[in-house]
Amino acid sequence: MSTIRARDLAKTYRISEKQPGLAGTLRHLVNRRHREVVAVDRISFTIEPGEIVGFLGPNGAGKTTTLKMLTGLIHPSAGELEVAGYQPWRRQAAFLRQITLVMGNRQQLIWDLPALDSLRVNAAVYGIDEPEARRRIGELAEMLELGPELQRPLRKLSLGQRMKTELLAALLHRPAVLFLDEPTLGLDVNAQARVRDFLADYNRRTGATVLLTSHDMGDITALCPRVLLIHQGQLFHDGSLAALTQRLAPCRQVRLELEHLHPAEAFAGFGTLEAHQGHQVRLLVPRAQLTERVAALLERFAVVDLEVSDPPIEELIGGLFRQRAAAAAAGAEP
Amino acid sequence: MRRAWRVARALLGSQYALMLEYRAEIALWALSGVLPLIMLGVWSGSGAGAAAGLTPQQLSHYFLAAFVVRQFTVVWLIHVFEEDALQGRLSPLLLQPLSPLWRYLASHFSEQATRVPFVVLMLVVVGLAAPGVLWWPSAGALLLGALAILAAFLLRFLLQVIVTTLCFWSERAAALDRLLLIPYLFLSGLVAPLDTFPPAVRRLALATPFPWMVDFPARLLAGEPVNAALGFGAIAAWCLVLLPMAHLLWRAGLRRYSAMGA
């Protein structure tokens with residue numbers, strides 16, 4: 001049975017609109033205008049137990065609204081939703097014991113107290129007896145490389161230490177489903193790597209299902225074999241990251257360092273010339289012809305170094321959404 | 001039951017530790033609750049107490065008791081809840097299998113415990129400034145008064161839960177709480193003992209929950225003859241009316257919650 005099952009899930013917000021200035025304020029006071037905003041537009045997907053799935057999309061795409069529906073914080077406007085066998089919006093205690101939500105920009109721990117005080121409360125709330133709570137805190141602290149930090153007031157910790165203590169608190173009750181919203185936001189490279197390693201390790205040890213949103217593609221490529229890409233509330237892609245790359249970029253990037261200088265025309269027929277600077281050349285080559293073109297390049301030129309790679313995924317996604325926005329704007333013009 | 005006790009102990013322990021961090025602010029809050037002491041000065045100087053049939057001793061006992069009652073029945077739920085909802089701090093609390101209201105209740109009890117030494121200090125200052133005005137209540141009055149203060153606090157808390165649920169509909173519901181402040185000030189007995197009200201106003205006041213929040217516990221603590229069963233019964237009856245209302249509004253409010261800021 002799937003851990004998460006969403007069918008035609010939708011959320012529409014009703015927001016009031018106000019024109020600027022005094023006249024707009026007075027009009028807003030006596031004749032309030034509302035507009036319906038579709039934040040999530042009938043998306044369907046399932047996530048199996050133990051999967052780590054990345055949830056991608058630009059700001060305002062509907063990622064956080066979807067997470068709020070999946071955790072039961074807000075009610076869907078339409079559609080069916082089941083998480084761990086429960087309808088989240090009912091917010092039953094048995095459901096809440098199975099999930100956790102970590103938000104990179106929010107904290108659940110008490111700011112002015114050491115994390116251990118908050119952890120003690122969490123243990124009591126989730127019905128974990130004291131010896132077991134101590135054991136779990138020790139185990140998670142070891143995995144997260146936390147020690148005396150747990151005894152210092154939260155406000156005295158660095159951002160990375162705070163994020164790790166938040167993770168510890170969120171996982172103390174051993175949730176079966178983890179919702180992570182930008183868990184590495186603002187962390188330095190080392191702290192990001194430690195959090196990623198921890199999440200992968202936690203998933204391996206416990207078999208927990210993880211749905212992760214992040215603007216940092218490093219998180220997604222390191223953790224998520226599968227990604228959901230959402231744009232303007234609609235699901236654009238559900239599959240592997242490689243398939244997404246293939247879909248967005250039918251070409252691969254070939255970088256060459258050549259022994260001799262050649263004019264740009266010399267590369268005609270090998271692919272699209274992206275950059276040509278001295279001995280350095282960058283070409284985009286269709287995936288289907290990659291092998292034969294690379295072989296031809298090696299035969300034709302004296303190559304010092306060669307590298308084949310995918311264009312950066314964030315650039316591809318950004319480019320796709322820019323194209324779509326431009327197309328929509330062009331379509332809207334009279 | 002054991003789990004509930006453990007949760008209560010953990011919540012009270014952490015919230016008390018938190019309140020101790022804010023002890024200076026709580027001292028200022030305690031200082032700001034001196035209205036009954038000001039009213040004592042006003043009533044003592046005007047001679048209006050005698051006109052209302054109250055001896056100077058009855059007046060001073062009443063207002064000092066009202067001061068203590070006021071100190072331990074302050075409810076600030078709506079302000080902290082509104083801020084938490086707007087700042088997105090409410091969402092993590094709603095994701096735990098325990099209503100956030102229990103946390104807020106524990107915060108209030110912890111704040112009251114932190115307030116105790118400041119209230120004692122203020123009473124000592126009053127005693128030094130006006131020798132003979134302090135008295136030691138009988139054990140019975142002390143016990144019944146303490147119970148009545150607790151009941152009055154719970155009634156105020158419940159009433160504010162109802163107003164607080166309006167935060168789910170309005171982003172600035174705390175302003176609505178001010179609407180309750182006027183009837184609370186004038187009908188609770190904070191500015192004048194209920195016995196001094198004209199009969200019609202007194203009857204009207206007794207039909208509201210407000211006199212049971214100050215006048216009733218203050219009179220018990222002051223050792224005046226009071227129908228304790230009637231007072232506790234009235235508080236219980238109001239709680240029975242307000243509890244289902246609070247429950248329904250809370251559930252309806254959660255359906256509207258948009259988890260802003262989170």
# chains A, B, ... in the order shown; residues from 1 in each chain; ligands from 1
call {"tool": "closest_atom_pairs", "arguments": {"of": "chain A", "to": "chain B", "cutoff": "6 Å", "atoms": "only C-alpha atoms", "output": "CSV"}}
result
residue,atom,partner,partner_atom,distance
A:Ile74,CA,B:Ser258,CA,5.9
A:Ala93,CA,B:Pro97,CA,4.8
A:Leu96,CA,B:Pro97,CA,5.7
A:Gln108,CA,B:Pro92,CA,5.8
A:Asp117,CA,B:Ser14,CA,5.9
A:Val121,CA,B:Ala10,CA,5.1
A:Ala124,CA,B:Val7,CA,5.0
A:Val125,CA,B:Val7,CA,5.8
call {"tool": "select_by_dssp", "arguments": {"residues": "segment 22-239 of chain B", "states": "helix (DSSP H, G or I)", "output": "ChimeraX atom specification"}}
result
/B:23-32,35-46,48-51,56-71,77-87,90-94,100-129,139-168,174-187,194-196,199-206,210-212,215-221,228-239
call {"tool": "residues_around", "arguments": {"residues": "segment 214-216 of chain A", "least_positions_apart": "5", "cutoff": "10 Å", "atoms": "only C-alpha atoms", "output": "ChimeraX atom specification"}}
result
/A:54-59,63,104,180-185,192,221,314
call {"tool": "residues_around", "arguments": {"residues": "Gln234 of chain A", "least_positions_apart": "5", "cutoff": "7 Å", "atoms": "only C-alpha atoms", "output": "list in words"}}
result
Val40, Asp41, Arg42 and Ile43 of chain A
call {"tool": "residues_around", "arguments": {"residues": "segment 130-140 of chain B", "least_positions_apart": "5", "cutoff": "12 Å", "atoms": "only C-alpha atoms", "output": "ChimeraX atom specification"}}
result
/B:37,40-41,44,56-65,120,122-125,145-148,218-224,228
call {"tool": "closest_residue", "arguments": {"among": "A:Leu261, A:Arg255, A:Glu166, A:Gly50", "to": "Tyr202 of chain A", "atoms": "only C-alpha atoms"}}
result
A:Gly50
call {"tool": "select_by_dssp", "arguments": {"residues": "segment 27-257 of chain A", "states": "strand (DSSP E or B)", "output": "ChimeraX atom specification"}}
result
/A:33-47,52-56,78-83,86,99-103,114,153,177-181,209-213,226-231,234-240,251-257
call {"tool": "residues_around", "arguments": {"residues": "Ala193 of chain A", "least_positions_apart": "4", "cutoff": "12 Å", "atoms": "only C-alpha atoms", "output": "list in words"}}
result
Leu144, Gly160, Lys164, Pro183, Thr184, Leu187, Asp188, Val189, Asp197, Phe198, Leu199, Ala200, Asp216, Gly218, Asp219, Ile220, Thr221, Ala222 and Leu223 of chain A
call {"tool": "write_last_selection", "arguments": {"atoms": "all heavy atoms", "output": "CSV table (one decimal), in the first residue's frame"}}
result
chain,number,residue,atom,x,y,z
A,144,LEU,N,23.9,12.8,14.3
A,144,LEU,CA,23.9,14.2,13.9
A,144,LEU,C,25.2,15.0,14.4
A,144,LEU,O,25.3,16.2,14.2
A,144,LEU,CB,22.7,15.0,14.4
A,144,LEU,CG,21.4,14.7,13.6
A,144,LEU,CD1,20.2,15.0,14.4
A,144,LEU,CD2,21.4,15.4,12.3
A,160,GLY,N,23.6,26.0,11.7
A,160,GLY,CA,23.7,24.5,11.4
A,160,GLY,C,23.4,23.7,12.6
A,160,GLY,O,22.7,22.7,12.5
A,164,LYS,N,20.3,21.0,13.1
A,164,LYS,CA,20.4,19.6,13.5
A,164,LYS,C,19.6,19.3,14.7
A,164,LYS,O,19.0,18.2,14.8
A,164,LYS,CB,21.9,19.3,13.7
A,164,LYS,CG,22.7,19.3,12.4
A,164,LYS,CD,24.1,18.7,12.5
A,164,LYS,CE,25.0,19.5,13.2
A,164,LYS,NZ,26.4,18.9,13.3
A,183,PRO,N,15.3,21.8,4.1
A,183,PRO,CA,16.0,21.5,5.4
A,183,PRO,C,17.5,22.0,5.5
A,183,PRO,O,18.0,22.1,6.5
A,183,PRO,CB,16.0,20.0,5.4
A,183,PRO,CG,15.9,19.6,4.0
A,183,PRO,CD,15.1,20.6,3.3
A,184,THR,N,18.0,22.4,4.3
A,184,THR,CA,19.4,22.9,4.4
A,184,THR,C,19.5,24.4,4.1
A,184,THR,O,20.6,24.9,3.8
A,184,THR,CB,20.3,22.2,3.3
A,184,THR,OG1,19.7,22.4,2.0
A,184,THR,CG2,20.4,20.7,3.6
A,187,LEU,N,22.4,26.9,5.3
A,187,LEU,CA,23.6,26.2,5.9
A,187,LEU,C,24.8,26.3,5.0
A,187,LEU,O,24.7,26.4,3.8
A,187,LEU,CB,23.2,24.7,6.1
A,187,LEU,CG,22.0,24.4,7.0
A,187,LEU,CD1,21.9,22.9,7.2
A,187,LEU,CD2,22.1,25.1,8.3
A,188,ASP,N,26.0,26.2,5.6
A,188,ASP,CA,27.2,26.2,4.8
A,188,ASP,C,27.4,24.8,4.1
A,188,ASP,O,26.7,23.8,4.5
A,188,ASP,CB,28.4,26.6,5.6
A,188,ASP,CG,28.8,25.6,6.7
A,188,ASP,OD1,28.6,24.4,6.5
A,188,ASP,OD2,29.3,26.1,7.7
A,189,VAL,N,28.3,24.7,3.3
A,189,VAL,CA,28.5,23.4,2.5
A,189,VAL,C,28.7,22.2,3.4
A,189,VAL,O,28.1,21.2,3.1
A,189,VAL,CB,29.7,23.6,1.5
A,189,VAL,CG1,29.9,22.3,0.7
A,189,VAL,CG2,29.4,24.8,0.6
A,197,ASP,N,23.7,13.5,4.6
A,197,ASP,CA,24.2,12.2,5.0
A,197,ASP,C,23.3,11.6,6.1
A,197,ASP,O,22.9,10.4,6.0
A,197,ASP,CB,25.7,12.3,5.5
A,197,ASP,CG,26.6,12.5,4.4
A,197,ASP,OD1,26.3,12.4,3.3
A,197,ASP,OD2,27.8,12.9,4.8
A,198,PHE,N,22.9,12.5,7.0
A,198,PHE,CA,22.1,12.0,8.1
A,198,PHE,C,20.7,11.5,7.5
A,198,PHE,O,20.2,10.5,7.9
A,198,PHE,CB,21.9,13.2,9.1
A,198,PHE,CG,20.8,12.8,10.1
A,198,PHE,CD1,21.0,11.9,11.1
A,198,PHE,CD2,19.5,13.4,9.9
A,198,PHE,CE1,20.0,11.6,12.0
A,198,PHE,CE2,18.5,13.1,10.8
A,198,PHE,CZ,18.7,12.2,11.8
A,199,LEU,N,20.1,12.3,6.6
A,199,LEU,CA,18.8,12.0,6.1
A,199,LEU,C,18.9,10.6,5.4
A,199,LEU,O,18.0,9.8,5.5
A,199,LEU,CB,18.3,13.1,5.2
A,199,LEU,CG,17.9,14.3,6.0
A,199,LEU,CD1,17.5,15.5,5.0
A,199,LEU,CD2,16.7,14.1,6.9
A,200,ALA,N,19.9,10.5,4.6
A,200,ALA,CA,20.1,9.2,3.8
A,200,ALA,C,20.3,8.0,4.8
A,200,ALA,O,19.6,7.0,4.6
A,200,ALA,CB,21.3,9.3,2.9
A,216,ASP,N,18.0,23.9,-3.4
A,216,ASP,CA,19.4,23.5,-3.6
A,216,ASP,C,19.4,22.1,-4.3
A,216,ASP,O,19.0,21.1,-3.7
A,216,ASP,CB,20.1,23.4,-2.2
A,216,ASP,CG,21.6,23.1,-2.3
A,216,ASP,OD1,22.0,22.5,-3.3
A,216,ASP,OD2,22.3,23.6,-1.5
A,218,GLY,N,21.7,20.3,-4.9
A,218,GLY,CA,22.6,19.4,-4.3
A,218,GLY,C,21.8,18.4,-3.4
A,218,GLY,O,22.1,17.2,-3.3
A,219,ASP,N,20.8,18.9,-2.7
A,219,ASP,CA,20.0,18.1,-1.8
A,219,ASP,C,19.3,17.0,-2.7
A,219,ASP,O,19.2,15.9,-2.3
A,219,ASP,CB,18.9,18.9,-1.1
A,219,ASP,CG,19.5,19.9,-0.1
A,219,ASP,OD1,20.6,19.7,0.3
A,219,ASP,OD2,18.7,20.8,0.4
A,220,ILE,N,18.7,17.5,-3.8
A,220,ILE,CA,17.9,16.6,-4.6
A,220,ILE,C,18.8,15.5,-5.3
A,220,ILE,O,18.5,14.4,-5.2
A,220,ILE,CB,17.2,17.4,-5.7
A,220,ILE,CG1,16.4,18.6,-5.1
A,220,ILE,CG2,16.3,16.5,-6.6
A,220,ILE,CD1,15.2,18.1,-4.2
A,221,THR,N,19.9,16.0,-5.9
A,221,THR,CA,20.8,15.0,-6.5
A,221,THR,C,21.4,14.0,-5.5
A,221,THR,O,21.5,12.8,-5.9
A,221,THR,CB,21.9,15.7,-7.4
A,221,THR,OG1,22.5,16.7,-6.5
A,221,THR,CG2,21.3,16.3,-8.6
A,222,ALA,N,21.7,14.5,-4.3
A,222,ALA,CA,22.3,13.6,-3.3
A,222,ALA,C,21.3,12.6,-2.7
A,222,ALA,O,21.7,11.5,-2.3
A,222,ALA,CB,22.9,14.4,-2.2
A,223,LEU,N,20.0,13.0,-2.7
A,223,LEU,CA,19.1,12.2,-1.9
A,223,LEU,C,18.0,11.5,-2.7
A,223,LEU,O,17.4,10.5,-2.2
A,223,LEU,CB,18.5,13.0,-0.8
A,223,LEU,CG,19.4,13.5,0.4
A,223,LEU,CD1,18.7,14.6,1.2
A,223,LEU,CD2,19.7,12.3,1.3
call {"tool": "closest_residue", "arguments": {"among": "A:Thr272, A:Leu316, A:Arg252, A:Leu22", "to": "Arg287 of chain A", "atoms": "only C-alpha atoms"}}
result
A:Arg252
call {"tool": "residues_around", "arguments": {"residues": "Thr66 of chain A", "least_positions_apart": "2", "cutoff": "9 Å", "atoms": "only C-alpha atoms", "output": "PyMOL selection string"}}
result
chain A and resi 9-11+39-40+62-64+68-71+76+233
call {"tool": "closest_residue", "arguments": {"among": "A:Ala123, A:Ile128, A:Ile52, A:Leu101", "to": "Ser240 of chain A", "atoms": "only C-alpha atoms"}}
result
A:Ile52
call {"tool": "closest_residue", "arguments": {"among": "B:Arg70, B:Arg172, B:Arg23, B:His247", "to": "Leu150 of chain B", "atoms": "only C-alpha atoms"}}
result
B:Arg70
call {"tool": "closest_residue", "arguments": {"among": "B:Ala234, B:Leu190, B:Leu155, B:Ala51", "to": "Gly33 of chain B", "atoms": "only C-alpha atoms"}}
result
B:Leu190
call {"tool": "atom_distance", "arguments": {"atom1": "atom CA of Arg282 of chain A", "atom2": "atom CA of Glu299 of chain A"}}
result
17.0 Å
